[in-house]
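Quick look at coords_26.cif (mmCIF, C-alpha atoms (C1' of nucleotides)):
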data_run
#
loop_
_atom_site.label_atom_id
_atom_site.label_comp_id
_atom_site.auth_asym_id
_atom_site.auth_seq_id
_atom_site.Cartn_x
_atom_site.Cartn_y
_atom_site.Cartn_z
CA MET S 12 -103.59 -194.49 -23.75
CA ASP S 13 -102.87 -196.82 -26.54
CA GLN S 14 -104.95 -195.53 -29.39
CA LEU S 15 -104.72 -198.81 -31.21
CA LEU S 16 -106.22 -200.92 -28.48
CA ASP S 17 -108.76 -198.24 -27.82
CA ILE S 18 -110.11 -198.35 -31.36
CA LEU S 19 -110.18 -202.12 -31.51
CA LYS S 20 -111.90 -202.45 -28.15
CA LYS S 21 -114.44 -199.79 -28.95
CA ASN S 22 -115.45 -201.85 -31.91
CA GLN S 23 -115.54 -205.11 -30.01
CA LEU S 24 -112.79 -206.69 -32.00
CA SER S 25 -110.34 -209.26 -30.73
CA ILE S 26 -106.89 -207.83 -30.26
CA THR S 27 -104.56 -209.60 -32.62
CA GLU S 28 -101.12 -208.93 -33.99
CA GLY S 29 -102.36 -208.46 -37.51
CA ARG S 30 -105.12 -206.04 -36.67
CA LYS S 31 -102.82 -203.97 -34.50
CA LYS S 32 -100.18 -203.81 -37.18
CA ILE S 33 -102.56 -202.91 -39.98
CA LEU S 34 -104.41 -200.34 -37.94
CA GLU S 35 -101.07 -198.85 -36.97
CA LEU S 36 -100.24 -198.45 -40.63
CA PHE S 37 -103.39 -196.45 -41.18
CA LEU S 38 -102.73 -194.26 -38.16
CA LYS S 39 -99.23 -193.52 -39.38
CA SER S 40 -100.14 -192.99 -43.01
CA PRO S 41 -101.04 -189.49 -44.16
CA GLY S 42 -103.06 -190.80 -47.06
CA ALA S 43 -104.92 -193.81 -48.24
CA LEU S 44 -103.67 -197.35 -48.55
CA ALA S 45 -104.36 -200.12 -50.99
CA HIS S 46 -104.28 -203.79 -50.24
CA ALA S 47 -100.90 -204.02 -51.93
CA ASP S 48 -99.45 -201.22 -49.78
CA ILE S 49 -100.39 -203.11 -46.67
CA GLU S 50 -98.84 -206.34 -47.83
CA LYS S 51 -95.67 -204.48 -48.69
CA ASN S 52 -95.48 -202.55 -45.43
CA THR S 53 -95.94 -205.63 -43.32
CA ASP S 54 -93.26 -207.58 -45.16
CA ALA S 55 -95.91 -210.07 -46.15
CA SER S 56 -95.91 -211.39 -42.63
CA TYR S 57 -99.64 -211.82 -42.85
CA ASP S 58 -101.45 -213.95 -45.30
CA ARG S 59 -103.14 -212.27 -48.23
CA VAL S 60 -106.44 -213.63 -46.98
CA THR S 61 -105.94 -212.21 -43.53
CA VAL S 62 -105.33 -208.77 -44.94
CA TYR S 63 -108.48 -208.98 -47.04
CA ARG S 64 -110.52 -210.05 -44.07
CA THR S 65 -109.03 -207.47 -41.77
CA LEU S 66 -109.81 -204.69 -44.20
CA GLN S 67 -113.31 -205.99 -44.65
CA THR S 68 -113.84 -206.10 -40.90
CA PHE S 69 -112.52 -202.58 -40.46
CA VAL S 70 -114.86 -201.28 -43.15
CA GLU S 71 -117.82 -203.03 -41.58
CA LYS S 72 -117.00 -201.53 -38.21
CA GLY S 73 -116.57 -198.08 -39.66
CA ILE S 74 -112.90 -197.82 -38.79
CA ILE S 75 -111.87 -197.28 -42.38
CA HIS S 76 -113.75 -196.41 -45.55
CA ASN S 77 -112.95 -196.93 -49.16
CA ILE S 78 -112.17 -194.28 -51.66
CA PRO S 79 -113.19 -194.35 -55.29
CA THR S 80 -110.46 -194.85 -57.83
CA THR S 81 -110.40 -194.82 -61.60
CA ASP S 82 -108.24 -197.88 -61.90
CA ASN S 83 -109.28 -201.26 -60.68
CA SER S 84 -108.07 -200.94 -57.15
CA ILE S 85 -109.60 -200.14 -53.82
CA LEU S 86 -108.12 -197.53 -51.56
CA TYR S 87 -108.85 -197.39 -47.86
CA ALA S 88 -108.50 -194.55 -45.40
CA LEU S 89 -109.23 -193.99 -41.74
CA CYS S 90 -112.67 -192.75 -40.86
CA LYS S 91 -113.13 -189.83 -38.57
CA ASP S 92 -115.22 -190.05 -35.42
CA ASN S 93 -118.44 -189.38 -37.20
CA CYS S 94 -118.39 -192.74 -38.91
CA GLU S 95 -120.34 -195.48 -37.27
CA ALA S 96 -120.57 -199.12 -38.17
CA GLY S 97 -122.29 -199.46 -41.50
CA HIS S 98 -122.79 -195.75 -41.88
CA HIS S 99 -119.98 -193.79 -43.40
CA HIS S 100 -120.20 -190.04 -43.43
CA ASP S 101 -116.97 -189.08 -45.03
CA ASN S 102 -118.12 -185.94 -46.71
CA HIS S 103 -114.65 -184.73 -47.41
CA VAL S 104 -112.61 -184.45 -50.56
CA HIS S 105 -110.09 -187.05 -51.63
CA PHE S 106 -107.04 -185.80 -53.39
CA ILE S 107 -104.82 -187.89 -55.64
CA CYS S 108 -101.42 -186.48 -56.47
CA ASP S 109 -100.34 -187.07 -60.04
CA SER S 110 -96.74 -186.73 -59.01
CA CYS S 111 -96.21 -188.80 -55.87
CA ASP S 112 -99.29 -190.86 -56.52
CA LYS S 113 -100.54 -190.61 -52.97
CA THR S 114 -104.17 -190.24 -52.03
CA ILE S 115 -104.90 -187.82 -49.24
CA CYS S 116 -108.11 -187.12 -47.37
CA LEU S 117 -108.69 -183.40 -47.23
CA ASP S 118 -110.77 -183.46 -44.10
CA ASN S 119 -111.16 -179.73 -43.96
CA VAL S 120 -112.47 -179.29 -47.44
CA ILE S 121 -116.19 -179.66 -47.30
CA ILE S 122 -118.09 -180.87 -50.27
CA PRO S 123 -120.60 -178.30 -51.49
CA GLU S 124 -124.17 -179.31 -52.07
CA VAL S 125 -125.02 -180.46 -55.54
CA LYS S 126 -128.47 -179.95 -56.92
CA LEU S 127 -129.71 -183.04 -58.68
CA PRO S 128 -132.38 -183.20 -61.39
CA LYS S 129 -135.92 -184.10 -60.40
CA GLY S 130 -136.39 -187.68 -59.34
CA PHE S 131 -132.86 -188.28 -58.16
CA LYS S 132 -132.23 -188.91 -54.49
CA GLN S 133 -128.75 -188.58 -53.09
CA LYS S 134 -127.44 -190.94 -50.47
CA GLN S 135 -123.72 -190.62 -50.77
CA ILE S 136 -121.33 -188.30 -52.52
CA ASP S 137 -117.69 -188.84 -53.35
CA VAL S 138 -115.40 -186.17 -54.66
CA VAL S 139 -112.03 -187.09 -56.03
CA ILE S 140 -109.69 -184.37 -57.16
CA SER S 141 -106.42 -185.07 -58.84
CA GLY S 142 -103.51 -182.74 -59.42
CA ILE S 143 -100.38 -181.78 -57.54
CA CYS S 144 -100.26 -181.98 -53.76
CA ASP S 145 -98.69 -179.52 -51.36
CA GLU S 146 -95.54 -181.58 -50.98
CA CYS S 147 -94.86 -181.98 -54.68
CA LYS S 148 -95.68 -178.44 -55.74
CA MET X 5 -123.87 -189.16 -91.33
CA ASP X 6 -122.78 -192.26 -89.55
CA GLN X 7 -121.72 -191.03 -86.18
CA LEU X 8 -119.77 -194.19 -85.47
CA LEU X 9 -117.47 -193.93 -88.46
CA ASP X 10 -117.15 -190.24 -87.89
CA ILE X 11 -115.80 -190.69 -84.39
CA LEU X 12 -113.42 -193.44 -85.37
CA LYS X 13 -112.10 -191.55 -88.37
CA LYS X 14 -111.67 -188.34 -86.42
CA ASN X 15 -109.41 -190.23 -84.09
CA GLN X 16 -107.47 -191.94 -86.85
CA LEU X 17 -108.54 -195.40 -85.87
CA SER X 18 -108.97 -198.31 -88.23
CA ILE X 19 -112.60 -199.18 -88.76
CA THR X 20 -113.18 -202.66 -87.41
CA GLU X 21 -116.21 -204.66 -86.46
CA GLY X 22 -115.28 -204.74 -82.80
CA ARG X 23 -114.65 -201.04 -82.45
CA LYS X 24 -117.87 -200.19 -84.22
CA LYS X 25 -119.88 -202.53 -82.06
CA ILE X 26 -118.37 -201.37 -78.79
CA LEU X 27 -118.64 -197.72 -79.66
CA GLU X 28 -122.24 -198.30 -80.65
CA LEU X 29 -122.89 -199.71 -77.20
CA PHE X 30 -121.62 -196.54 -75.62
CA LEU X 31 -123.68 -194.35 -77.92
CA LYS X 32 -126.80 -196.29 -77.10
CA SER X 33 -126.19 -196.54 -73.39
CA PRO X 34 -127.54 -193.81 -71.13
CA GLY X 35 -124.92 -194.50 -68.51
CA ALA X 36 -121.55 -196.01 -67.98
CA LEU X 37 -120.35 -199.44 -68.91
CA ALA X 38 -117.97 -201.85 -67.29
CA HIS X 39 -115.82 -204.34 -69.11
CA ALA X 40 -118.22 -207.10 -68.08
CA ASP X 41 -121.22 -205.22 -69.53
CA ILE X 42 -119.51 -205.02 -72.86
CA GLU X 43 -118.68 -208.68 -72.98
CA LYS X 44 -122.26 -209.49 -72.12
CA ASN X 45 -123.79 -207.12 -74.63
CA THR X 46 -121.68 -208.40 -77.47
CA ASP X 47 -122.48 -212.02 -76.74
CA ALA X 48 -118.81 -212.58 -76.12
CA SER X 49 -118.23 -212.43 -79.84
CA TYR X 50 -115.02 -210.57 -79.20
CA ASP X 51 -112.13 -211.86 -77.23
CA ARG X 52 -111.67 -210.54 -73.73
CA VAL X 53 -108.30 -209.20 -74.78
CA THR X 54 -109.79 -207.31 -77.69
CA VAL X 55 -112.27 -205.62 -75.42
CA TYR X 56 -109.52 -204.58 -73.04
CA ARG X 57 -107.45 -203.17 -75.87
CA THR X 58 -110.37 -201.41 -77.47
CA LEU X 59 -111.30 -199.70 -74.23
CA GLN X 60 -107.72 -198.71 -73.67
CA THR X 61 -107.49 -197.25 -77.15
CA PHE X 62 -110.72 -195.33 -76.71
CA VAL X 63 -109.50 -193.85 -73.43
CA GLU X 64 -106.20 -192.84 -74.99
CA LYS X 65 -107.98 -191.12 -77.83
CA GLY X 66 -110.37 -189.35 -75.51
CA ILE X 67 -113.46 -191.07 -76.81
CA ILE X 68 -114.37 -192.47 -73.42
CA HIS X 69 -113.22 -191.73 -69.90
CA ASN X 70 -113.30 -193.76 -66.77
CA ILE X 71 -115.33 -193.06 -63.72
CA PRO X 72 -114.14 -193.66 -60.19
CA THR X 73 -115.81 -196.47 -58.27
CA THR X 74 -115.47 -197.72 -54.74
CA ASP X 75 -115.42 -201.35 -55.68
CA ASN X 76 -112.65 -202.77 -57.74
CA SER X 77 -114.11 -202.19 -61.12
CA ILE X 78 -113.62 -199.65 -63.86
CA LEU X 79 -116.53 -197.86 -65.42
CA TYR X 80 -116.30 -196.15 -68.76
CA ALA X 81 -118.50 -193.48 -70.27
CA LEU X 82 -118.53 -191.47 -73.46
CA CYS X 83 -116.69 -188.20 -73.42
CA LYS X 84 -118.34 -185.06 -74.64
CA ASP X 85 -116.83 -182.91 -77.36
CA ASN X 86 -114.59 -181.05 -74.98
CA CYS X 87 -112.44 -184.08 -74.39
CA GLU X 88 -109.29 -184.34 -76.41
CA ALA X 89 -106.80 -187.15 -76.56
CA GLY X 90 -105.09 -187.40 -73.23
CA HIS X 91 -107.06 -184.53 -71.76
CA HIS X 92 -110.38 -185.31 -70.24
CA HIS X 93 -112.61 -182.52 -69.09
CA ASP X 94 -115.70 -184.26 -67.88
CA ASN X 95 -116.81 -181.84 -65.26
CA HIS X 96 -120.18 -183.39 -64.74
CA VAL X 97 -121.65 -185.55 -62.03
CA HIS X 98 -121.81 -189.31 -62.23
CA PHE X 99 -124.77 -190.92 -60.58
CA ILE X 100 -124.88 -194.54 -59.50
CA CYS X 101 -128.30 -195.92 -58.69
CA ASP X 102 -128.36 -198.24 -55.71
CA SER X 103 -131.49 -199.87 -57.04
CA CYS X 104 -130.95 -200.57 -60.72
CA ASP X 105 -127.18 -200.34 -60.39
CA LYS X 106 -126.80 -198.17 -63.47
CA THR X 107 -124.35 -195.34 -63.72
CA ILE X 108 -125.62 -192.22 -65.39
CA CYS X 109 -123.75 -189.13 -66.49
CA LEU X 110 -125.67 -186.07 -65.34
CA ASP X 111 -124.34 -183.75 -67.99
CA ASN X 112 -126.46 -180.85 -66.86
CA VAL X 113 -125.37 -180.87 -63.28
CA ILE X 114 -122.33 -178.70 -63.01
CA ILE X 115 -119.78 -179.37 -60.35
CA PRO X 116 -119.31 -176.41 -58.06
CA GLU X 117 -115.82 -175.10 -57.45
CA VAL X 118 -113.99 -176.56 -54.50
CA LYS X 119 -111.45 -174.50 -52.67
CA LEU X 120 -108.35 -176.51 -51.92
CA PRO X 121 -105.81 -175.87 -49.16
CA LYS X 122 -102.66 -173.95 -49.98
CA GLY X 123 -100.22 -175.83 -52.14
CA PHE X 124 -102.72 -178.08 -53.83
CA LYS X 125 -103.31 -177.67 -57.54
CA GLN X 126 -106.40 -179.14 -59.11
CA LYS X 127 -106.28 -180.75 -62.50
CA GLN X 128 -109.32 -182.95 -62.54
CA ILE X 129 -112.37 -183.39 -60.39
CA ASP X 130 -114.71 -186.35 -60.27
CA VAL X 131 -117.97 -186.36 -58.42
CA VAL X 132 -119.80 -189.61 -57.92
CA ILE X 133 -123.16 -189.56 -56.23
CA SER X 134 -125.07 -192.66 -55.33
CA GLY X 135 -128.69 -193.00 -54.43
CA ILE X 136 -131.93 -193.62 -56.26
CA CYS X 137 -132.32 -192.55 -59.87
CA ASP X 138 -135.34 -190.98 -61.50
CA GLU X 139 -136.52 -194.24 -62.99
CA CYS X 140 -136.38 -196.21 -59.76
CA LYS X 141 -137.85 -193.55 -57.49
"C1'" DA U 5 -106.26 -223.18 -16.23
"C1'" DT U 6 -109.70 -224.91 -18.95
"C1'" DT U 7 -113.29 -224.15 -22.07
"C1'" DT U 8 -115.35 -221.53 -25.76
"C1'" DA U 9 -115.24 -218.35 -29.39
"C1'" DT U 10 -112.71 -216.09 -32.80
"C1'" DT U 11 -109.06 -215.56 -36.05
"C1'" DT U 12 -105.45 -217.14 -38.91
"C1'" DG U 13 -103.08 -219.62 -42.67
"C1'" DC U 14 -103.10 -223.04 -46.06
"C1'" DA U 15 -104.92 -225.02 -50.14
"C1'" DA U 16 -107.75 -224.93 -53.80
"C1'" DC U 17 -110.31 -222.36 -56.81
"C1'" DA U 18 -112.44 -218.37 -59.35
"C1'" DT U 19 -112.07 -214.13 -61.57
"C1'" DT U 20 -109.77 -210.47 -63.84
"C1'" DA U 21 -105.89 -208.50 -66.32
"C1'" DT U 22 -101.47 -208.69 -69.28
"C1'" DT U 23 -98.09 -210.18 -72.93
"C1'" DG U 24 -96.04 -212.40 -77.19
"C1'" DC U 25 -96.88 -213.97 -81.44
"C1'" DA U 26 -98.99 -215.77 -85.66
"C1'" DA U 27 -103.14 -215.33 -88.44
"C1'" DA U 28 -106.67 -212.27 -90.04
"C1'" DT U 29 -108.24 -207.98 -91.36
"C1'" DA U 30 -108.02 -203.07 -92.69
"C1'" DA U 31 -105.61 -199.26 -95.00
"C1'" DT U 32 -102.53 -197.65 -98.59
"C1'" DG U 33 -100.49 -197.08 -103.11
"C1'" DT U 34 -100.42 -198.38 -107.76
"C1'" DA A 30 -109.20 -204.05 -108.28
"C1'" DC A 31 -105.06 -205.98 -106.60
"C1'" DA A 32 -100.76 -206.35 -104.17
"C1'" DT A 33 -98.22 -204.50 -100.38
"C1'" DT A 34 -97.91 -202.64 -95.86
"C1'" DA A 35 -99.63 -201.60 -91.46
"C1'" DT A 36 -102.75 -202.58 -87.94
"C1'" DT A 37 -105.73 -205.44 -85.29
"C1'" DT A 38 -107.40 -209.68 -83.60
"C1'" DG A 39 -107.56 -214.16 -81.14
"C1'" DC A 40 -105.21 -217.80 -78.95
"C1'" DA A 41 -102.25 -219.49 -75.45
"C1'" DA A 42 -99.74 -218.86 -71.60
"C1'" DT A 43 -98.98 -216.31 -67.53
"C1'" DA A 44 -99.70 -213.07 -63.85
"C1'" DA A 45 -102.26 -210.74 -60.59
"C1'" DT A 46 -106.21 -210.36 -57.65
"C1'" DG A 47 -110.07 -211.96 -54.93
"C1'" DT A 48 -112.90 -215.85 -52.54
"C1'" DT A 49 -114.16 -220.07 -49.78
"C1'" DG A 50 -113.80 -224.20 -46.63
"C1'" DC A 51 -111.56 -226.09 -43.07
"C1'" DA A 52 -108.20 -227.37 -39.52
"C1'" DA A 53 -104.77 -225.35 -36.47
"C1'" DA A 54 -103.56 -221.45 -33.68
"C1'" DT A 55 -104.67 -217.76 -30.89
"C1'" DA A 56 -107.61 -214.67 -28.03
"C1'" DA A 57 -111.50 -214.15 -24.82
"C1'" DA A 58 -114.48 -215.85 -21.27
"C1'" DT A 59 -115.52 -218.70 -17.33
#
Translate the structure described by the file into structure tokens.
Amino acid sequence: MDQLLDILKKNQLSITEGRKKILELFLKSPGALAHADIEKNTDASYDRVTVYRTLQTFVEKGIIHNIPTTDNSILYALCKDNCEAGHHHDNHVHFICDSCDKTICLDNVIIPEVKLPKGFKQKQIDVVISGICDECK
Amino acid sequence: MDQLLDILKKNQLSITEGRKKILELFLKSPGALAHADIEKNTDASYDRVTVYRTLQTFVEKGIIHNIPTTDNSILYALCKDNCEAGHHHDNHVHFICDSCDKTICLDNVIIPEVKLPKGFKQKQIDVVISGICDECK
DNA sequence: ATTTATTTGCAACATTATTGCAAATAATGT
DNA sequence: ACATTATTTGCAATAATGTTGCAAATAAAT
């Protein structure tokens, strides 16, 4: 029924106003969100600290994952079903639009295998592509 | 002869102690450097602000580029010859070792082409792989 | 409904980044 | 080599961002 409650319950999290609201933001958002986006979109009704802790909790539970950026910010996006607590498997491409500045998870674009030199062992791979998105073209 | 001066002159930059020292760090380093690394490796002989401005200048001139990270830090690494001012073409893989925490540019590993959905136009691609490097294996 | 566990917000603090401006240094022209 | 001009640096002040402890508020359990 209510997807929000479902996700929170599945992860054994207390149902609170803040968590519901922030999770809702992620469900509604097509792309990724930064801490600042969340503060803005909640009219600062939640303390800065609460937002930090909520995001941290969500990451730990595998509800969201963070996306690499080239500036000093952290972007978060919803994980798909195949993410479990502590183990993120988001092997999809992240796209940053130079025009509208949004970050989008391209869930359908699969990252090809990369052959590493001898001695290197891969655990995680992140692919970030920037350019113009389909809405700004 | 002196690679340092050569690079600075090519980019029409004044030759200063700080720029020489910081550029030298990059030339010596096998991997990427964060702001904090630079402060540490110069014994804080340069003001924090100077380091920020030097890095910014180097990025603008295409001497270094920044590498995406999932924490809120910025990593910088030397650009190869095919980088011009404002146009970075570092189509190689960046490797972050979970053990020694170093970031290494794998210049020989070429990034395979990724097919994007309709409407998306690629300008830049960054691939960051984490795991265990060849020295820590 | 009461107790217990968890979460929130405040305050204080720590770290990281940015800006203006005067002093110091580098480049330029003679 | 020296004076002039342009650039760069460091300091100070400020802003932005992230962290921690603790009491009050809220949610969950009995």
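Here CA of Ile136 in chain S and CA of Val132 in chain X stand 5.8 Å from one another.
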message = Residues within 12 Å of (-106.9, -215.1, -28.8), file coordinates, counting all atoms listed in the file: what are they? Give the list as a PyMOL selection string.
response = (chain S and resi 24-29) or (chain U and resi 8-12) or (chain A and resi 54-58)
Care to translate the PyMOL selection byres ((chain S) within 12 of (chain X)) into actual residues of this file, as a PDB file with C-alpha atoms, in the coordinates of the input?
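Output contents, as saved in result_23.pdb:
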ATOM      1  CA  ALA S  45    -104.360-200.120 -50.990  1.00  0.00           C
ATOM      2  CA  HIS S  46    -104.280-203.790 -50.240  1.00  0.00           C
ATOM      3  CA  HIS S  76    -113.750-196.410 -45.550  1.00  0.00           C
ATOM      4  CA  ASN S  77    -112.950-196.930 -49.160  1.00  0.00           C
ATOM      5  CA  ILE S  78    -112.170-194.280 -51.660  1.00  0.00           C
ATOM      6  CA  PRO S  79    -113.190-194.350 -55.290  1.00  0.00           C
ATOM      7  CA  THR S  80    -110.460-194.850 -57.830  1.00  0.00           C
ATOM      8  CA  THR S  81    -110.400-194.820 -61.600  1.00  0.00           C
ATOM      9  CA  ASP S  82    -108.240-197.880 -61.900  1.00  0.00           C
ATOM     10  CA  ASN S  83    -109.280-201.260 -60.680  1.00  0.00           C
ATOM     11  CA  SER S  84    -108.070-200.940 -57.150  1.00  0.00           C
ATOM     12  CA  ILE S  85    -109.600-200.140 -53.820  1.00  0.00           C
ATOM     13  CA  LEU S  86    -108.120-197.530 -51.560  1.00  0.00           C
ATOM     14  CA  TYR S  87    -108.850-197.390 -47.860  1.00  0.00           C
ATOM     15  CA  ASN S 102    -118.120-185.940 -46.710  1.00  0.00           C
ATOM     16  CA  HIS S 103    -114.650-184.730 -47.410  1.00  0.00           C
ATOM     17  CA  VAL S 104    -112.610-184.450 -50.560  1.00  0.00           C
ATOM     18  CA  HIS S 105    -110.090-187.050 -51.630  1.00  0.00           C
ATOM     19  CA  PHE S 106    -107.040-185.800 -53.390  1.00  0.00           C
ATOM     20  CA  ILE S 107    -104.820-187.890 -55.640  1.00  0.00           C
ATOM     21  CA  CYS S 108    -101.420-186.480 -56.470  1.00  0.00           C
ATOM     22  CA  ASP S 109    -100.340-187.070 -60.040  1.00  0.00           C
ATOM     23  CA  SER S 110     -96.740-186.730 -59.010  1.00  0.00           C
ATOM     24  CA  ILE S 115    -104.900-187.820 -49.240  1.00  0.00           C
ATOM     25  CA  CYS S 116    -108.110-187.120 -47.370  1.00  0.00           C
ATOM     26  CA  LEU S 117    -108.690-183.400 -47.230  1.00  0.00           C
ATOM     27  CA  ASP S 118    -110.770-183.460 -44.100  1.00  0.00           C
ATOM     28  CA  ASN S 119    -111.160-179.730 -43.960  1.00  0.00           C
ATOM     29  CA  VAL S 120    -112.470-179.290 -47.440  1.00  0.00           C
ATOM     30  CA  ILE S 121    -116.190-179.660 -47.300  1.00  0.00           C
ATOM     31  CA  ILE S 122    -118.090-180.870 -50.270  1.00  0.00           C
ATOM     32  CA  PRO S 123    -120.600-178.300 -51.490  1.00  0.00           C
ATOM     33  CA  GLU S 124    -124.170-179.310 -52.070  1.00  0.00           C
ATOM     34  CA  VAL S 125    -125.020-180.460 -55.540  1.00  0.00           C
ATOM     35  CA  LYS S 126    -128.470-179.950 -56.920  1.00  0.00           C
ATOM     36  CA  LEU S 127    -129.710-183.040 -58.680  1.00  0.00           C
ATOM     37  CA  PRO S 128    -132.380-183.200 -61.390  1.00  0.00           C
ATOM     38  CA  LYS S 129    -135.920-184.100 -60.400  1.00  0.00           C
ATOM     39  CA  GLY S 130    -136.390-187.680 -59.340  1.00  0.00           C
ATOM     40  CA  PHE S 131    -132.860-188.280 -58.160  1.00  0.00           C
ATOM     41  CA  LYS S 132    -132.230-188.910 -54.490  1.00  0.00           C
ATOM     42  CA  GLN S 133    -128.750-188.580 -53.090  1.00  0.00           C
ATOM     43  CA  LYS S 134    -127.440-190.940 -50.470  1.00  0.00           C
ATOM     44  CA  GLN S 135    -123.720-190.620 -50.770  1.00  0.00           C
ATOM     45  CA  ILE S 136    -121.330-188.300 -52.520  1.00  0.00           C
ATOM     46  CA  ASP S 137    -117.690-188.840 -53.350  1.00  0.00           C
ATOM     47  CA  VAL S 138    -115.400-186.170 -54.660  1.00  0.00           C
ATOM     48  CA  VAL S 139    -112.030-187.090 -56.030  1.00  0.00           C
ATOM     49  CA  ILE S 140    -109.690-184.370 -57.160  1.00  0.00           C
ATOM     50  CA  SER S 141    -106.420-185.070 -58.840  1.00  0.00           C
ATOM     51  CA  GLY S 142    -103.510-182.740 -59.420  1.00  0.00           C
ATOM     52  CA  ILE S 143    -100.380-181.780 -57.540  1.00  0.00           C
ATOM     53  CA  CYS S 144    -100.260-181.980 -53.760  1.00  0.00           C
ATOM     54  CA  ASP S 145     -98.690-179.520 -51.360  1.00  0.00           C
ATOM     55  CA  GLU S 146     -95.540-181.580 -50.980  1.00  0.00           C
ATOM     56  CA  CYS S 147     -94.860-181.980 -54.680  1.00  0.00           C
ATOM     57  CA  LYS S 148     -95.680-178.440 -55.740  1.00  0.00           C
TER      58      LYS S 148
END
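Residues selected in this file by the PyMOL selection byres ((chain A) within 8 of (chain X)) comprise DT36, DT38 and DG39 of chain A.
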Residue selection dump (C-alpha atoms (C1' of nucleotides)) as a tab-separated table (two decimals), keeping the file's coordinate frame:
chain	number	residue	atom	x	y	z
A	36	DT	C1'	-102.75	-202.58	-87.94
A	38	DT	C1'	-107.40	-209.68	-83.60
A	39	DG	C1'	-107.56	-214.16	-81.14
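Of note, C1' of DA21 in chain U and C1' of DA42 in chain A are spaced 13.2 Å apart.
Picked out by the PyMOL selection byres ((chain A and resi 46) around 9) when it runs on this file: DT19, DT20 and DA21 of chain U; DA45 and DG47 of chain A.
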Would you save range 33-44 of chain A from the block above with C-alpha atoms (C1' of nucleotides), as a compact mmCIF listing (two decimals), in the first residue's frame?
# COMPACT_ATOMS: atom_id res chain seq x y z
C1' DT A 33 57.44 50.26 -13.30
C1' DT A 34 53.55 47.33 -13.83
C1' DA A 35 51.09 43.22 -13.19
C1' DT A 36 50.35 39.24 -10.61
C1' DT A 37 50.38 36.49 -6.54
C1' DT A 38 50.47 35.75 -1.74
C1' DG A 39 49.05 35.79 3.18
C1' DC A 40 46.22 37.59 6.67
C1' DA A 41 41.81 38.46 8.59
C1' DA A 42 37.19 37.98 8.53
C1' DT A 43 33.31 35.41 7.12
C1' DA A 44 30.59 31.70 5.28
